[in-house]
Amino acid sequence: MSSSSPQATPVKKIPIHLQSSQSRLYIKRGQVVNHDSTIAADIYIEDGIIKYVGPSGEFVVPGGVRVIDAANRLILPGGIDPHTHMQLPFGGAVAVDDFYKGTKAAIAGGTTTIIDFVLPNKGQSLLEAYDQWRSWADPKVCCDYGLHVGVTWWSKSVRDEMRILCEERGVNSFKMFMAYKGLYQLEDSDLYEAFETCKELQALAQVHAENGSIIEKNTAKLLAAGVTGPEGHELSRSEEVEAEAVNRACIIAHQVNCPLYVVHIMSKSASIEIARARRRYKGVGIFAETLAATLGSYEAHHSCFRHAAAHILSPPLRPDPKTPEFVMKMLAKGHLQTTGSDNCTFNREHKELGKNNFTKIPNGVNGVEDRMSIVWEKGVEGRIISPQKFVAITSTNAAKIFNLYPRKGRIAVGSDADIVIWNPEATRVISAKTHYQACDFNIFEGMKVHGVPEVVIVRGKVCVENGQVRVAEGQGRFIETPINAPYVYNPLNGESNGDEVDDRENGDDKNGAIEQLEIEIPVIEPIAKYLAGPALSITSETPSTAQSICGRGARPDGQRNLQNSSFSISEELDNSATRSTIKVRNPPGGKSSGFW
Ligand code: URQ
Ligand code: ZN
Ligand code: ZN
């Protein structure tokens, strides 16, 4: 990391008058943006808590208070990243962003809370794994953090430990895997029981939605055909493999009436499944997250192993270049609720474990540092979402779903003073050379982004200012996430969770009878056809003939027959019926009146 700043482009500094006390701050002349309002207001902070939000002149500022002038800046709730894997042991390596470097990088980018995943090994006690994660994180974290726990195997003891985690350890969410067969995957009957248990505990069930059995079969075929390079990863798990699992998870959740949160939605098809399920199972509570990676990147053809392997995560980035904009629109419409990073970083030598076999490439990419800027650039700067919606999808919605709201995710009296002073005009260029993350690669390399977190305050402590990040290892705290989140469980009890009001205030039309979505549906040929096609020119060893330099380029002809059919569908979101009514108007090969 260069000593200068997390921002490559120099920006005008906010004048900060250091008057005295570290624990008392007064922020004046900013625009305070919450998910449901934008107001000109001053803020007073004492001992890590917001004590005043309101007009200047109405609050008598105590003497000896440090004053920050935020004129022409937005004041946002600190970002909440609901999906990280700091120092995760995975695929024969350990993720290089540990809880110190990873949370320091998060703060540099404007994220002040993360929720990480405890992932027990098969057969391991969940409580033992939880203790392991706490012992890794507590001495190192620079920002507050919570924990989800993975249910990676199923038994009565797992069920009992889930109860203890909820009642005594501050956990309210569990992640089940529909993929990673033999490692983490649960079969449908176990998934059913795990969801039932979550419901009983008033916790939130999460799923990694991909069909692990199809992936296993496709992988075997690809390897047998000599496809060993990183391109085999996405080929083995195309977007319908993700979409099928999303649909199945939503149906199982509905069967047992359990709220569900689907992590890392990576494709157009999967996000459509979420929109349909949310409409169909309104009373159950289906929520979904997408990633900074999905919004800021896509699976372009990479001509060398290093670049291709560095972009591998599961579910994978998709080859359809329209995916990022489409998924941002799904966030804008309220069909998806949150943005995470799934930060799980491995260096070159780790990725090279899969040099001769793509299944051995440790999965994961960066994003904890750049998530806020990517969402701003693609969403607000891209004129798809408002700054209030930005706050909702980077902070507030995660706080509500994981029951941290309004302590986190809001600028209000009584909330934790996790605050970002955001300069929407400033720009920076993302690079692995200047990022704070420990990894040697950045999937957003070279991207110029608007929106710079000029000042970041974590529980009342100024941690970013004048382009410098100042944190103390272990300054963050574990935060308990209580069960029975009103936002999640109110709809189940026939009560409102306030969503409709928020949507109206954001100008969304989620409750309108008809929404038009112009969607290009990728038609992906089955893997058997692909394998029968022209020989692949890319392996883990061989550079592509189509592109001589390392990096992105067009997918060479004949390597994969991905056709984008250019028909549009209108999604008729019918509030009265329980049936989803996505109507295909002009499918390939002629008109159809069928539903899919
Ligand atoms: O599946 C995940 O969330 C972890 C274990 C690995 N990262 C990834 O590829 N998404
Ligand atoms: Zn996952
Ligand atoms: Zn993950």
# chains A, B, ... in the order shown; residues from 1 in each chain; ligands from 1
>>> closest_atom_pairs(of="chain A", to="ligand 1", cutoff="8 Å", atoms="only C-alpha atoms and all ligand atoms", output="CSV")
residue,atom,partner,partner_atom_place_in_ligand_line,distance
A:His83,CA,ligand 1,3 (O),7.9
A:His85,CA,ligand 1,4 (C),7.1
A:Phe90,CA,ligand 1,5 (C),7.2
A:Leu119,CA,ligand 1,5 (C),7.9
A:Phe177,CA,ligand 1,1 (O),8.0
A:His208,CA,ligand 1,1 (O),6.5
A:Val263,CA,ligand 1,3 (O),7.8
A:His264,CA,ligand 1,10 (N),7.2
A:Ile312,CA,ligand 1,9 (O),6.8
A:Leu313,CA,ligand 1,9 (O),3.4
A:Ser314,CA,ligand 1,9 (O),3.8
A:Pro315,CA,ligand 1,10 (N),6.2
A:Pro316,CA,ligand 1,9 (O),7.5
A:Asp342,CA,ligand 1,10 (N),5.9
A:Asn343,CA,ligand 1,7 (N),7.5
A:Cys344,CA,ligand 1,7 (N),5.8
A:Pro362,CA,ligand 1,9 (O),7.7
A:Asn363,CA,ligand 1,9 (O),4.0
A:Gly364,CA,ligand 1,9 (O),4.2
A:Val365,CA,ligand 1,9 (O),7.3
>>> residues_around(residues="range 224-228 of chain A", least_positions_apart="3", cutoff="6 Å", atoms="only C-alpha atoms", output="PDB file with C-alpha atoms, in the first residue's frame")
ATOM      1  CA  LYS A 221     -17.375 -34.409 -17.998  1.00  0.00           C
ATOM      2  CA  ASN A 356      -3.896 -28.119 -13.811  1.00  0.00           C
ATOM      3  CA  ASN A 357      -7.406 -28.537 -12.488  1.00  0.00           C
ATOM      4  CA  PHE A 358      -9.894 -25.692 -12.174  1.00  0.00           C
TER       5      PHE A 358
END
>>> closest_residue(among="A:Pro387, A:Gly382, A:Gly446, A:Gly494", to="Ile75 in chain A", atoms="only C-alpha atoms")
A:Pro387
>>> closest_residue(among="A:Arg318, A:Lys355, A:Gly63, A:Met447", to="Ala300 in chain A", atoms="only C-alpha atoms")
A:Arg318
>>> residues_around(residues="range 151-162 of chain A", least_positions_apart="4", cutoff="7 Å", atoms="only C-alpha atoms", output="list of chain:residue names")
A:Pro120, A:Asn121, A:Lys122, A:Gly123, A:Leu126, A:Leu127, A:Cys166, A:Phe174, A:Lys175, A:Met176, A:Phe177, A:Tyr184, A:Gln185, A:Leu186, A:Asp190, A:Thr197
>>> decode(residues="range 306-433 of chain A", atoms="C-alpha atoms", output="mmCIF file, in the first residue's frame")
data_model
loop_
_atom_site.group_PDB
_atom_site.id
_atom_site.type_symbol
_atom_site.label_atom_id
_atom_site.label_comp_id
_atom_site.auth_asym_id
_atom_site.auth_seq_id
_atom_site.Cartn_x
_atom_site.Cartn_y
_atom_site.Cartn_z
ATOM 1 C CA ARG A 306 -3.572 -15.581 -13.543
ATOM 2 C CA HIS A 307 -6.388 -13.240 -14.556
ATOM 3 C CA ALA A 308 -8.954 -15.947 -15.092
ATOM 4 C CA ALA A 309 -8.208 -17.671 -11.781
ATOM 5 C CA ALA A 310 -8.220 -14.370 -9.880
ATOM 6 C CA HIS A 311 -11.839 -13.826 -10.954
ATOM 7 C CA ILE A 312 -13.098 -17.220 -9.797
ATOM 8 C CA LEU A 313 -15.772 -17.346 -7.150
ATOM 9 C CA SER A 314 -18.968 -19.333 -6.747
ATOM 10 C CA PRO A 315 -21.492 -18.824 -8.165
ATOM 11 C CA PRO A 316 -19.268 -17.410 -10.919
ATOM 12 C CA LEU A 317 -19.213 -14.085 -12.686
ATOM 13 C CA ARG A 318 -21.330 -14.470 -15.798
ATOM 14 C CA PRO A 319 -20.206 -14.075 -19.403
ATOM 15 C CA ASP A 320 -23.242 -11.962 -20.250
ATOM 16 C CA PRO A 321 -21.900 -8.366 -20.176
ATOM 17 C CA LYS A 322 -25.375 -7.005 -19.450
ATOM 18 C CA THR A 323 -25.488 -8.748 -16.071
ATOM 19 C CA PRO A 324 -24.098 -5.861 -13.953
ATOM 20 C CA GLU A 325 -26.608 -3.282 -15.168
ATOM 21 C CA PHE A 326 -29.490 -5.726 -15.007
ATOM 22 C CA VAL A 327 -28.722 -6.713 -11.429
ATOM 23 C CA MET A 328 -28.367 -3.041 -10.430
ATOM 24 C CA LYS A 329 -31.845 -2.456 -11.841
ATOM 25 C CA MET A 330 -33.159 -5.341 -9.751
ATOM 26 C CA LEU A 331 -31.720 -3.609 -6.685
ATOM 27 C CA ALA A 332 -33.272 -0.321 -7.813
ATOM 28 C CA LYS A 333 -36.691 -1.974 -8.104
ATOM 29 C CA GLY A 334 -36.435 -3.508 -4.657
ATOM 30 C CA HIS A 335 -36.318 -7.102 -5.925
ATOM 31 C CA LEU A 336 -32.872 -7.515 -4.328
ATOM 32 C CA GLN A 337 -32.117 -5.869 -1.002
ATOM 33 C CA THR A 338 -28.430 -5.872 -0.144
ATOM 34 C CA THR A 339 -24.928 -5.716 -1.564
ATOM 35 C CA GLY A 340 -22.091 -7.679 0.002
ATOM 36 C CA SER A 341 -18.531 -8.290 -1.070
ATOM 37 C CA ASP A 342 -18.086 -12.024 -0.336
ATOM 38 C CA ASN A 343 -14.532 -10.866 0.288
ATOM 39 C CA CYS A 344 -12.451 -14.054 0.239
ATOM 40 C CA THR A 345 -9.032 -13.237 -1.124
ATOM 41 C CA PHE A 346 -6.274 -15.521 -2.307
ATOM 42 C CA ASN A 347 -2.943 -14.645 -3.850
ATOM 43 C CA ARG A 348 -1.334 -15.891 -7.001
ATOM 44 C CA GLU A 349 0.372 -18.868 -5.364
ATOM 45 C CA HIS A 350 -2.941 -20.001 -3.860
ATOM 46 C CA LYS A 351 -4.855 -19.693 -7.114
ATOM 47 C CA GLU A 352 -2.049 -21.700 -8.764
ATOM 48 C CA LEU A 353 -3.047 -24.709 -6.671
ATOM 49 C CA GLY A 354 -5.530 -25.179 -9.511
ATOM 50 C CA LYS A 355 -3.088 -24.692 -12.357
ATOM 51 C CA ASN A 356 -3.896 -28.119 -13.811
ATOM 52 C CA ASN A 357 -7.406 -28.537 -12.488
ATOM 53 C CA PHE A 358 -9.894 -25.692 -12.174
ATOM 54 C CA THR A 359 -11.693 -27.382 -9.283
ATOM 55 C CA LYS A 360 -8.613 -26.847 -7.133
ATOM 56 C CA ILE A 361 -8.544 -23.046 -7.576
ATOM 57 C CA PRO A 362 -9.556 -21.544 -4.213
ATOM 58 C CA ASN A 363 -12.797 -19.626 -4.720
ATOM 59 C CA GLY A 364 -13.036 -15.970 -3.889
ATOM 60 C CA VAL A 365 -12.413 -12.356 -4.870
ATOM 61 C CA ASN A 366 -11.833 -8.972 -3.222
ATOM 62 C CA GLY A 367 -14.482 -6.301 -2.633
ATOM 63 C CA VAL A 368 -14.684 -5.305 1.024
ATOM 64 C CA GLU A 369 -12.740 -2.091 0.343
ATOM 65 C CA ASP A 370 -14.299 -1.098 -2.971
ATOM 66 C CA ARG A 371 -17.927 -2.217 -2.535
ATOM 67 C CA MET A 372 -19.258 1.229 -1.620
ATOM 68 C CA SER A 373 -17.511 2.970 -4.513
ATOM 69 C CA ILE A 374 -18.543 0.293 -7.016
ATOM 70 C CA VAL A 375 -22.200 0.550 -5.992
ATOM 71 C CA TRP A 376 -22.044 4.354 -6.122
ATOM 72 C CA GLU A 377 -20.359 4.392 -9.522
ATOM 73 C CA LYS A 378 -22.607 1.820 -11.177
ATOM 74 C CA GLY A 379 -25.755 2.852 -9.326
ATOM 75 C CA VAL A 380 -25.840 6.552 -8.491
ATOM 76 C CA GLU A 381 -23.312 7.797 -11.032
ATOM 77 C CA GLY A 382 -24.938 5.427 -13.538
ATOM 78 C CA ARG A 383 -28.300 7.165 -12.867
ATOM 79 C CA ILE A 384 -30.003 3.935 -11.811
ATOM 80 C CA ILE A 385 -30.438 4.603 -8.092
ATOM 81 C CA SER A 386 -30.715 7.622 -5.793
ATOM 82 C CA PRO A 387 -28.316 8.346 -2.924
ATOM 83 C CA GLN A 388 -31.073 7.203 -0.528
ATOM 84 C CA LYS A 389 -31.353 3.889 -2.312
ATOM 85 C CA PHE A 390 -27.566 3.661 -2.154
ATOM 86 C CA VAL A 391 -27.801 3.938 1.629
ATOM 87 C CA ALA A 392 -30.534 1.292 1.687
ATOM 88 C CA ILE A 393 -28.620 -1.294 -0.313
ATOM 89 C CA THR A 394 -25.174 -0.702 1.201
ATOM 90 C CA SER A 395 -26.213 -0.329 4.835
ATOM 91 C CA THR A 396 -29.813 0.022 6.062
ATOM 92 C CA ASN A 397 -31.360 -3.086 4.539
ATOM 93 C CA ALA A 398 -28.611 -5.306 5.931
ATOM 94 C CA ALA A 399 -29.073 -3.675 9.357
ATOM 95 C CA LYS A 400 -32.804 -4.408 9.213
ATOM 96 C CA ILE A 401 -32.471 -7.971 7.937
ATOM 97 C CA PHE A 402 -29.853 -8.946 10.534
ATOM 98 C CA ASN A 403 -31.625 -7.021 13.317
ATOM 99 C CA LEU A 404 -29.041 -4.307 13.922
ATOM 100 C CA TYR A 405 -31.340 -1.450 12.953
ATOM 101 C CA PRO A 406 -31.520 1.399 13.998
ATOM 102 C CA ARG A 407 -28.359 0.997 16.044
ATOM 103 C CA LYS A 408 -26.558 0.501 12.730
ATOM 104 C CA GLY A 409 -27.649 1.586 9.255
ATOM 105 C CA ARG A 410 -29.129 4.920 10.286
ATOM 106 C CA ILE A 411 -27.998 8.379 11.284
ATOM 107 C CA ALA A 412 -30.268 9.171 14.200
ATOM 108 C CA VAL A 413 -30.075 10.062 17.863
ATOM 109 C CA GLY A 414 -29.097 6.941 19.810
ATOM 110 C CA SER A 415 -27.481 5.165 16.873
ATOM 111 C CA ASP A 416 -23.825 4.138 16.876
ATOM 112 C CA ALA A 417 -21.688 6.901 15.407
ATOM 113 C CA ASP A 418 -20.650 4.908 12.323
ATOM 114 C CA ILE A 419 -20.562 7.659 9.751
ATOM 115 C CA VAL A 420 -19.072 8.328 6.333
ATOM 116 C CA ILE A 421 -18.524 11.814 4.956
ATOM 117 C CA TRP A 422 -18.823 11.109 1.269
ATOM 118 C CA ASN A 423 -17.607 13.307 -1.550
ATOM 119 C CA PRO A 424 -19.731 12.400 -4.568
ATOM 120 C CA GLU A 425 -17.679 14.557 -6.916
ATOM 121 C CA ALA A 426 -14.237 13.184 -6.104
ATOM 122 C CA THR A 427 -12.855 10.294 -8.101
ATOM 123 C CA ARG A 428 -10.225 7.656 -7.581
ATOM 124 C CA VAL A 429 -8.768 4.838 -9.619
ATOM 125 C CA ILE A 430 -8.900 1.377 -8.066
ATOM 126 C CA SER A 431 -5.675 -0.584 -8.044
ATOM 127 C CA ALA A 432 -4.017 -3.448 -6.217
ATOM 128 C CA LYS A 433 -0.984 -1.171 -5.997
#
